[in-house]
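Below is the file run29.txt, which contains compact mmCIF, C-alpha atoms.
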# COMPACT_ATOMS: atom_id res chain seq x y z
CA MET A 112 127.37 297.39 15.14
CA THR A 113 127.45 294.02 16.91
CA ASP A 114 131.25 293.96 16.59
CA THR A 115 131.46 297.44 18.09
CA LEU A 116 129.26 296.52 21.06
CA THR A 117 131.33 293.41 21.83
CA LYS A 118 134.38 295.66 22.17
CA ILE A 119 132.85 297.50 25.14
CA PRO A 120 134.92 296.53 28.21
CA VAL A 121 133.10 294.65 30.96
CA TYR A 122 134.13 297.27 33.53
CA VAL A 123 132.36 299.98 31.49
CA ALA A 124 129.13 297.96 31.29
CA VAL A 125 129.29 297.18 35.03
CA ALA A 126 129.97 300.83 35.90
CA ILE A 127 127.00 302.03 33.84
CA ILE A 128 124.59 299.44 35.25
CA PHE A 129 125.80 299.99 38.82
CA THR A 130 125.43 303.78 38.46
CA ASP A 131 121.87 303.49 37.15
CA LEU A 132 120.86 301.17 39.99
CA ALA A 133 122.60 303.36 42.60
CA VAL A 134 120.86 306.49 41.29
CA GLY A 135 117.47 304.76 41.35
CA ILE A 136 117.96 303.53 44.92
CA ALA A 137 119.29 306.90 46.12
CA LEU A 138 116.27 308.70 44.65
CA TRP A 139 113.86 306.19 46.18
CA LEU A 140 115.44 306.51 49.62
CA GLY A 141 115.59 310.30 49.38
CA VAL A 142 111.95 310.71 48.34
CA ALA A 143 110.83 308.20 50.99
CA ARG A 144 112.61 310.22 53.67
CA ILE A 145 111.07 313.48 52.43
CA VAL A 146 107.58 311.95 52.34
CA LYS A 147 108.00 310.76 55.92
CA ARG A 148 109.15 314.22 56.98
CA LEU A 149 106.00 315.73 55.46
CA ASN A 150 103.83 313.47 57.66
CA LEU A 151 101.65 312.54 54.71
CA PRO A 152 98.87 309.98 55.18
CA ALA A 153 100.14 306.40 55.38
CA ASN A 154 98.32 305.48 52.17
CA THR A 155 99.98 308.35 50.27
CA GLN A 156 103.36 307.30 51.59
CA ARG A 157 102.84 303.73 50.42
CA ILE A 158 101.63 304.78 46.96
CA THR A 159 104.57 307.18 46.53
CA ALA A 160 107.07 304.52 47.63
CA VAL A 161 105.62 301.95 45.22
CA LEU A 162 105.51 304.36 42.28
CA MET A 163 109.08 305.54 42.93
CA ALA A 164 110.21 301.91 42.87
CA VAL A 165 108.10 300.53 40.02
CA VAL A 166 108.11 303.36 37.46
CA PRO A 167 111.91 303.97 37.24
CA THR A 168 112.58 300.21 37.26
CA ALA A 169 110.07 299.62 34.46
CA TRP A 170 111.62 302.44 32.42
CA LEU A 171 115.11 301.12 33.08
CA LEU A 172 114.08 297.74 31.66
CA LEU A 173 111.85 298.95 28.83
CA ALA A 174 113.66 301.99 27.41
CA PRO A 175 116.76 300.19 26.04
CA THR A 176 114.52 297.73 24.16
CA LEU A 177 112.48 300.59 22.70
CA ALA A 178 115.62 302.42 21.60
CA ALA A 179 117.17 299.37 19.94
CA THR A 180 113.89 298.58 18.16
CA MET A 181 113.39 302.16 16.95
CA ASN A 182 116.98 302.25 15.70
CA SER A 183 116.02 299.58 13.18
CA TYR A 184 113.00 301.46 11.83
CA VAL A 185 113.33 305.20 12.53
CA PRO A 186 116.03 307.07 10.58
CA ALA A 187 118.84 309.15 12.05
CA LEU A 188 119.73 312.78 11.35
CA HIS A 189 122.98 311.67 9.75
CA PRO A 190 124.70 308.35 8.98
CA GLY A 191 126.31 306.87 12.07
CA ALA A 192 124.08 308.62 14.62
CA PRO A 193 121.44 306.79 16.65
CA THR A 194 117.80 306.99 15.59
CA ILE A 195 116.16 310.38 15.99
CA GLY A 196 113.48 308.39 17.82
CA MET A 197 115.71 308.43 20.90
CA LEU A 198 115.04 312.12 21.45
CA PRO A 199 111.38 311.59 22.46
CA LEU A 200 112.55 308.78 24.76
CA ILE A 201 114.99 311.18 26.43
CA LEU A 202 112.55 314.09 26.66
CA MET A 203 109.50 312.10 27.82
CA PRO A 204 110.77 311.45 31.39
CA VAL A 205 111.75 315.12 31.64
CA ALA A 206 108.25 316.18 30.59
CA ILE A 207 106.74 313.78 33.12
CA GLY A 208 108.99 315.19 35.84
CA LEU A 209 107.72 318.70 35.10
CA LEU A 210 104.07 317.62 34.77
CA LEU A 211 104.30 315.99 38.20
CA LEU A 212 104.66 319.49 39.63
CA ARG A 213 100.95 319.93 38.93
CA SER A 214 100.37 317.51 41.81
CA ARG A 215 100.20 319.29 45.16
CA THR A 216 101.81 316.29 46.87
CA TRP A 217 104.76 316.26 44.46
CA GLN A 218 105.09 320.04 44.76
CA ASN A 219 105.47 319.63 48.52
CA ILE A 220 108.05 316.88 48.01
CA VAL A 221 110.14 319.05 45.68
CA VAL A 222 109.86 322.13 47.89
CA THR A 223 110.82 320.09 50.97
CA ALA A 224 113.76 318.35 49.25
CA PRO A 225 116.99 319.87 50.60
CA GLN A 226 118.74 321.96 47.98
CA HIS A 227 122.09 320.42 48.83
CA TRP A 228 120.62 316.93 48.26
CA LEU A 229 119.30 317.86 44.80
CA ILE A 230 122.81 319.01 43.92
CA GLY A 231 125.00 316.52 45.79
CA ILE A 232 123.25 313.44 44.43
CA GLN A 233 124.54 314.35 40.98
CA ILE A 234 128.00 313.14 41.90
CA TYR A 235 126.95 310.16 39.77
CA ARG A 236 127.62 312.34 36.71
CA ILE A 237 131.25 311.24 36.91
CA ILE A 238 130.04 308.13 35.04
CA GLY A 239 130.65 310.22 31.92
CA ILE A 240 134.34 309.44 32.30
CA VAL A 241 133.64 306.07 30.61
CA PHE A 242 133.34 307.94 27.33
CA LEU A 243 137.11 308.49 27.34
CA PRO A 244 138.26 304.83 27.30
CA LEU A 245 135.52 304.12 24.76
CA MET A 246 137.04 306.86 22.62
CA VAL A 247 140.47 305.26 22.89
CA LEU A 248 138.93 301.96 21.78
CA ASP A 249 137.36 303.68 18.75
CA ILE A 250 133.86 302.88 20.00
CA LEU A 251 132.90 306.55 20.44
CA PRO A 252 134.20 309.54 18.48
CA ALA A 253 136.41 312.14 20.13
CA TYR A 254 134.15 314.98 19.01
CA PHE A 255 131.54 313.53 21.36
CA ALA A 256 133.61 311.84 24.08
CA ILE A 257 135.83 314.79 24.95
CA PRO A 258 133.19 317.50 25.59
CA ALA A 259 130.62 315.07 27.04
CA GLY A 260 133.11 313.06 29.10
CA TYR A 261 134.95 315.99 30.65
CA GLY A 262 131.72 317.97 31.02
CA ASP A 263 130.12 315.17 33.04
CA LEU A 264 133.28 314.63 35.05
CA ILE A 265 133.55 318.30 36.02
CA THR A 266 129.84 318.52 36.87
CA GLY A 267 130.01 315.35 38.99
CA LEU A 268 133.18 316.33 40.86
CA LEU A 269 131.82 319.79 41.63
CA ALA A 270 128.45 318.45 42.84
CA PRO A 271 129.48 317.53 46.43
CA LEU A 272 131.58 320.70 46.77
CA VAL A 273 128.72 322.95 45.65
CA ALA A 274 126.28 320.93 47.79
CA TYR A 275 128.46 321.50 50.86
CA TRP A 276 128.64 325.25 50.22
CA VAL A 277 124.89 325.39 49.73
CA TRP A 278 124.30 323.40 52.94
CA LYS A 279 126.66 325.73 54.80
CA GLN A 280 125.01 328.72 53.07
CA GLY A 281 128.39 330.29 52.48
CA ASN A 282 128.83 333.61 50.74
CA GLY A 283 127.13 333.62 47.34
CA TRP A 284 125.82 330.08 47.74
CA ARG A 285 122.68 330.80 45.70
CA TYR A 286 124.65 332.22 42.76
CA LEU A 287 127.08 329.31 42.93
CA ALA A 288 124.18 326.83 42.80
CA ILE A 289 122.66 328.63 39.80
CA LEU A 290 126.02 328.63 37.99
CA TRP A 291 126.56 324.91 38.68
CA ASN A 292 123.07 324.07 37.43
CA ALA A 293 123.66 326.12 34.28
CA ILE A 294 126.96 324.32 33.62
CA GLY A 295 125.30 320.94 34.19
CA LEU A 296 122.40 321.68 31.84
CA LEU A 297 124.76 323.03 29.18
CA ASP A 298 126.81 319.84 29.42
CA LEU A 299 123.68 317.71 28.93
CA ALA A 300 122.49 319.83 26.00
CA ILE A 301 125.86 319.56 24.25
CA ALA A 302 126.08 315.81 24.84
CA VAL A 303 122.56 315.13 23.57
CA GLY A 304 123.00 317.56 20.68
CA ILE A 305 126.23 316.00 19.45
CA GLY A 306 125.14 312.43 20.15
CA SER A 307 121.85 312.81 18.29
CA GLY A 308 123.39 314.60 15.33
CA ILE A 309 121.61 317.93 15.94
CA LEU A 310 124.98 319.61 16.52
CA TYR A 311 126.66 317.48 13.88
CA SER A 312 129.33 319.26 11.87
CA ASN A 313 131.98 318.11 9.41
CA LEU A 314 134.27 320.59 11.14
CA SER A 315 134.10 318.41 14.28
CA HIS A 316 135.56 315.50 12.36
CA THR A 317 138.22 317.67 10.77
CA LEU A 318 139.33 319.13 14.11
CA PHE A 319 139.54 315.75 15.85
CA ASN A 320 140.87 313.76 12.86
CA GLU A 321 138.38 310.98 13.61
CA LYS A 322 138.95 307.33 12.82
CA ILE A 323 135.34 306.54 13.63
CA LEU A 324 132.48 309.00 13.23
CA VAL A 325 129.49 307.32 14.88
CA THR A 326 127.50 307.68 18.08
CA GLN A 327 125.08 304.89 17.15
CA PRO A 328 126.25 302.62 20.04
CA PHE A 329 124.09 304.82 22.32
CA ALA A 330 121.02 303.19 20.79
CA TYR A 331 122.01 299.85 22.32
CA PHE A 332 122.45 298.39 25.79
CA PRO A 333 124.38 299.16 28.00
CA LEU A 334 125.31 302.61 26.61
CA SER A 335 121.64 303.43 26.01
CA LEU A 336 121.13 303.52 29.78
CA ILE A 337 123.04 306.81 29.92
CA PRO A 338 120.90 308.94 27.58
CA LEU A 339 117.65 307.17 28.51
CA PHE A 340 118.01 307.07 32.31
CA VAL A 341 120.92 309.15 33.61
CA VAL A 342 120.37 312.18 31.36
CA PRO A 343 116.61 312.65 32.03
CA ILE A 344 117.09 312.27 35.80
CA ALA A 345 119.97 314.76 35.76
CA THR A 346 117.89 317.23 33.74
CA VAL A 347 114.92 316.98 36.11
CA LEU A 348 117.15 317.39 39.17
CA HIS A 349 118.72 320.51 37.66
CA LEU A 350 115.29 321.97 36.87
CA TYR A 351 113.94 321.17 40.35
CA SER A 352 117.01 322.77 41.91
CA LEU A 353 116.58 325.93 39.84
CA ILE A 354 112.86 326.09 40.63
CA LYS A 355 113.63 325.90 44.35
CA LEU A 356 116.31 328.58 44.02
CA ILE A 357 113.86 330.90 42.28
CA LEU A 358 111.14 330.29 44.88
CA GLN A 359 113.62 330.83 47.73
CA ALA A 360 114.82 334.08 46.17
CA GLN A 361 111.23 335.31 45.77
CA THR A 362 110.45 334.39 49.38
CA THR A 363 113.56 336.18 50.62
CA THR A 364 112.69 339.27 48.58
CA THR A 365 109.13 339.28 49.90
CA LYS A 366 110.33 339.00 53.50
CA SER A 367 112.88 341.78 52.97
CA ASN A 368 110.21 344.05 51.51
CA ALA A 369 107.89 343.29 54.41
CA VAL A 370 110.62 344.10 56.94
CA SER A 371 111.38 347.35 55.07
CA VAL A 372 107.71 348.38 55.19
CA LEU A 373 107.45 347.60 58.90
CA THR A 374 110.65 349.50 59.63
CA THR A 375 109.40 352.50 57.65
CA ASP A 376 106.06 352.48 59.48
CA VAL A 377 107.79 352.40 62.83

What is this file in structure tokens?
Amino acid sequence: MTDTLTKIPVYVAVAIIFTDLAVGIALWLGVARIVKRLNLPANTQRITAVLMAVVPTAWLLLAPTLAATMNSYVPALHPGAPTIGMLPLILMPVAIGLLLLRSRTWQNIVVTAPQHWLIGIQIYRIIGIVFLPLMVLDILPAYFAIPAGYGDLITGLLAPLVAYWVWKQGNGWRYLAILWNAIGLLDLAIAVGIGSGILYSNLSHTLFNEKILVTQPFAYFPLSLIPLFVVPIATVLHLYSLIKLILQAQTTTTKSNAVSVLTTDV
């Protein structure tokens, strides 16, 4: 495994690290702006700013070490895959993101967050394109790199386009946003499923005529930053976006019904 990791090009490692840092900073700035718009108490603003800076940074530093350590002790679903222990590490931030919605303050932050921002920020998903050169270098298998790489690339490239249409509120913008979110979540599910071995199939190897059949490099830095940081954030952003879309649709329906009642009474 050490030999495989040393084959990872420097530009790939730099791109992954830069993307993670850029995403963290963009989220921090975005939430800080939303908190200021809500006119929350100064103390609440300070606490939110500190937590948004400290918690993601701590996870960014700690998670890769946890994954590498667990890979030595916790078995995988099949030979060549990373430890099954990575799944809880991927799902835990997602669970925390959903549990935060129990906080009234965080609810207000999510509701106030512009829909086009929740979508447009995911342009960073184009980082998935690094899977393709890693496939060429026989570091990642084609049965993972092709669906995950192109899926991320398509999701990332569409993000600013969909965000613009949502911001403009063009025809069918809500349905377009739902479709984009569904595509993005499906891409993440496929990538995690194949990478973890849950969707493992000998047919995959036969179809792609693999030279190398492992996804274990994802248990080690810098590749581990993608499933442990990028994937959970993307999942939470998709879920927040869908929650807002549902709430907006319900509000619109309620207003339409109210107008209909008033019109009937008149």

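The interatomic distance for the pair CA of Ala293 in chain A and CA of Ile230 in chain A works out to 12.0 Å.
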
**Study point:** Near-Ala288 in chain A list (9 Å; all atoms listed in the file; drop same-chain fewer than 3 positions) as a count of residues only
**Key:** 15

Practice item. Would you please work out which residue, of A:Ile207, A:Ile127, A:Ile136, A:Leu287, is nearest to Ala160 in chain A when using only C-alpha atoms? Key: A:Ile136

Check your understanding: Using all atoms listed in the file, which of A:Leu297, A:Leu248, A:Ile289, A:Val325 sits nearest Lys118 in chain A?
Key ->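 Checking each of A:Leu297, A:Leu248, A:Ile289, A:Val325 against Lys118 in chain A, counting all atoms listed in the file, the winner is A:Leu248.
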
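Remark: residues at most 12 Å from position (108.8, 319.1, 34.3) in file coordinates are A:Leu202, A:Met203, A:Pro204, A:Val205, A:Ala206, A:Ile207, A:Gly208, A:Leu209, A:Leu210, A:Leu211, A:Leu212, A:Arg213, A:Ser214, A:Trp217, A:Gln218, A:Val221, A:Pro343, A:Ile344, A:Thr346, A:Val347, A:Leu348, A:His349, A:Leu350, A:Tyr351, A:Ser352, A:Leu353, A:Ile354, using only C-alpha atoms.
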
Check your understanding: Which one is closest to Ala126 in chain A: A:Gly262, A:Gly267, A:Pro167, A:Gly239? Count all atoms listed in the file.
Key -> A:Gly239

Please supply range 172-197 of chain A, rebuilt with N, CA, C and O atoms, as a short mmCIF file (atom, residue, chain, number, x, y, z; two decimals), keeping the file's coordinate frame.
data_model
loop_
_atom_site.label_atom_id
_atom_site.label_comp_id
_atom_site.auth_asym_id
_atom_site.auth_seq_id
_atom_site.Cartn_x
_atom_site.Cartn_y
_atom_site.Cartn_z
N LEU A 172 114.13 299.01 32.39
CA LEU A 172 114.08 297.74 31.66
C LEU A 172 113.52 297.91 30.25
O LEU A 172 113.97 297.24 29.31
N LEU A 173 112.55 298.82 30.10
CA LEU A 173 111.85 298.95 28.83
C LEU A 173 112.55 299.86 27.83
O LEU A 173 112.60 299.56 26.62
N ALA A 174 113.10 300.97 28.31
CA ALA A 174 113.66 301.99 27.41
C ALA A 174 114.75 301.46 26.48
O ALA A 174 114.74 301.78 25.28
N PRO A 175 115.73 300.68 26.96
CA PRO A 175 116.76 300.19 26.04
C PRO A 175 116.20 299.34 24.91
O PRO A 175 116.68 299.40 23.77
N THR A 176 115.16 298.55 25.20
CA THR A 176 114.52 297.73 24.16
C THR A 176 113.83 298.61 23.13
O THR A 176 113.92 298.37 21.92
N LEU A 177 113.15 299.65 23.61
CA LEU A 177 112.48 300.59 22.70
C LEU A 177 113.50 301.29 21.79
O LEU A 177 113.28 301.41 20.58
N ALA A 178 114.61 301.71 22.38
CA ALA A 178 115.62 302.42 21.60
C ALA A 178 116.22 301.52 20.53
O ALA A 178 116.38 301.93 19.37
N ALA A 179 116.57 300.31 20.90
CA ALA A 179 117.17 299.37 19.94
C ALA A 179 116.19 299.04 18.81
O ALA A 179 116.57 298.94 17.64
N THR A 180 114.91 298.88 19.17
CA THR A 180 113.89 298.58 18.16
C THR A 180 113.69 299.76 17.22
O THR A 180 113.65 299.60 15.98
N MET A 181 113.59 300.97 17.78
CA MET A 181 113.39 302.16 16.95
C MET A 181 114.59 302.41 16.04
O MET A 181 114.44 302.93 14.94
N ASN A 182 115.79 302.02 16.51
CA ASN A 182 116.98 302.25 15.70
C ASN A 182 116.94 301.47 14.39
O ASN A 182 117.60 301.83 13.42
N SER A 183 116.14 300.41 14.39
CA SER A 183 116.02 299.58 13.18
C SER A 183 115.00 300.15 12.20
O SER A 183 115.01 299.78 11.02
N TYR A 184 114.10 301.01 12.68
CA TYR A 184 113.00 301.46 11.83
C TYR A 184 112.93 302.98 11.64
O TYR A 184 112.41 303.45 10.63
N VAL A 185 113.42 303.74 12.62
CA VAL A 185 113.33 305.20 12.53
C VAL A 185 114.68 305.76 12.11
O VAL A 185 115.71 305.42 12.71
N PRO A 186 114.75 306.58 11.09
CA PRO A 186 116.03 307.07 10.58
C PRO A 186 116.74 308.02 11.54
O PRO A 186 116.16 308.54 12.49
N ALA A 187 118.02 308.22 11.27
CA ALA A 187 118.84 309.15 12.05
C ALA A 187 119.00 310.46 11.30
O ALA A 187 118.69 310.55 10.11
N LEU A 188 119.51 311.48 11.99
CA LEU A 188 119.73 312.78 11.35
C LEU A 188 120.90 312.73 10.38
O LEU A 188 120.96 313.47 9.42
N HIS A 189 121.86 311.85 10.66
CA HIS A 189 122.98 311.67 9.75
C HIS A 189 123.52 310.25 9.91
O HIS A 189 123.35 309.64 10.96
N PRO A 190 124.18 309.72 8.89
CA PRO A 190 124.70 308.35 8.98
C PRO A 190 125.65 308.19 10.16
O PRO A 190 126.53 309.01 10.38
N GLY A 191 125.44 307.13 10.93
CA GLY A 191 126.31 306.87 12.07
C GLY A 191 125.74 307.31 13.40
O GLY A 191 126.22 306.90 14.46
N ALA A 192 124.72 308.17 13.38
CA ALA A 192 124.08 308.62 14.62
C ALA A 192 122.97 307.65 15.00
O ALA A 192 122.47 306.91 14.15
N PRO A 193 122.58 307.63 16.27
CA PRO A 193 121.44 306.79 16.65
C PRO A 193 120.14 307.34 16.07
O PRO A 193 120.09 308.49 15.62
N THR A 194 119.10 306.56 16.10
CA THR A 194 117.80 306.99 15.59
C THR A 194 117.33 308.28 16.25
O THR A 194 117.52 308.49 17.44
N ILE A 195 116.72 309.14 15.45
CA ILE A 195 116.16 310.38 15.99
C ILE A 195 115.03 310.07 16.96
O ILE A 195 114.64 310.90 17.79
N GLY A 196 114.53 308.82 16.90
CA GLY A 196 113.48 308.39 17.82
C GLY A 196 113.92 308.35 19.27
O GLY A 196 113.08 308.27 20.17
N MET A 197 115.24 308.42 19.51
CA MET A 197 115.71 308.43 20.90
C MET A 197 115.41 309.74 21.60
O MET A 197 115.28 309.78 22.82
#
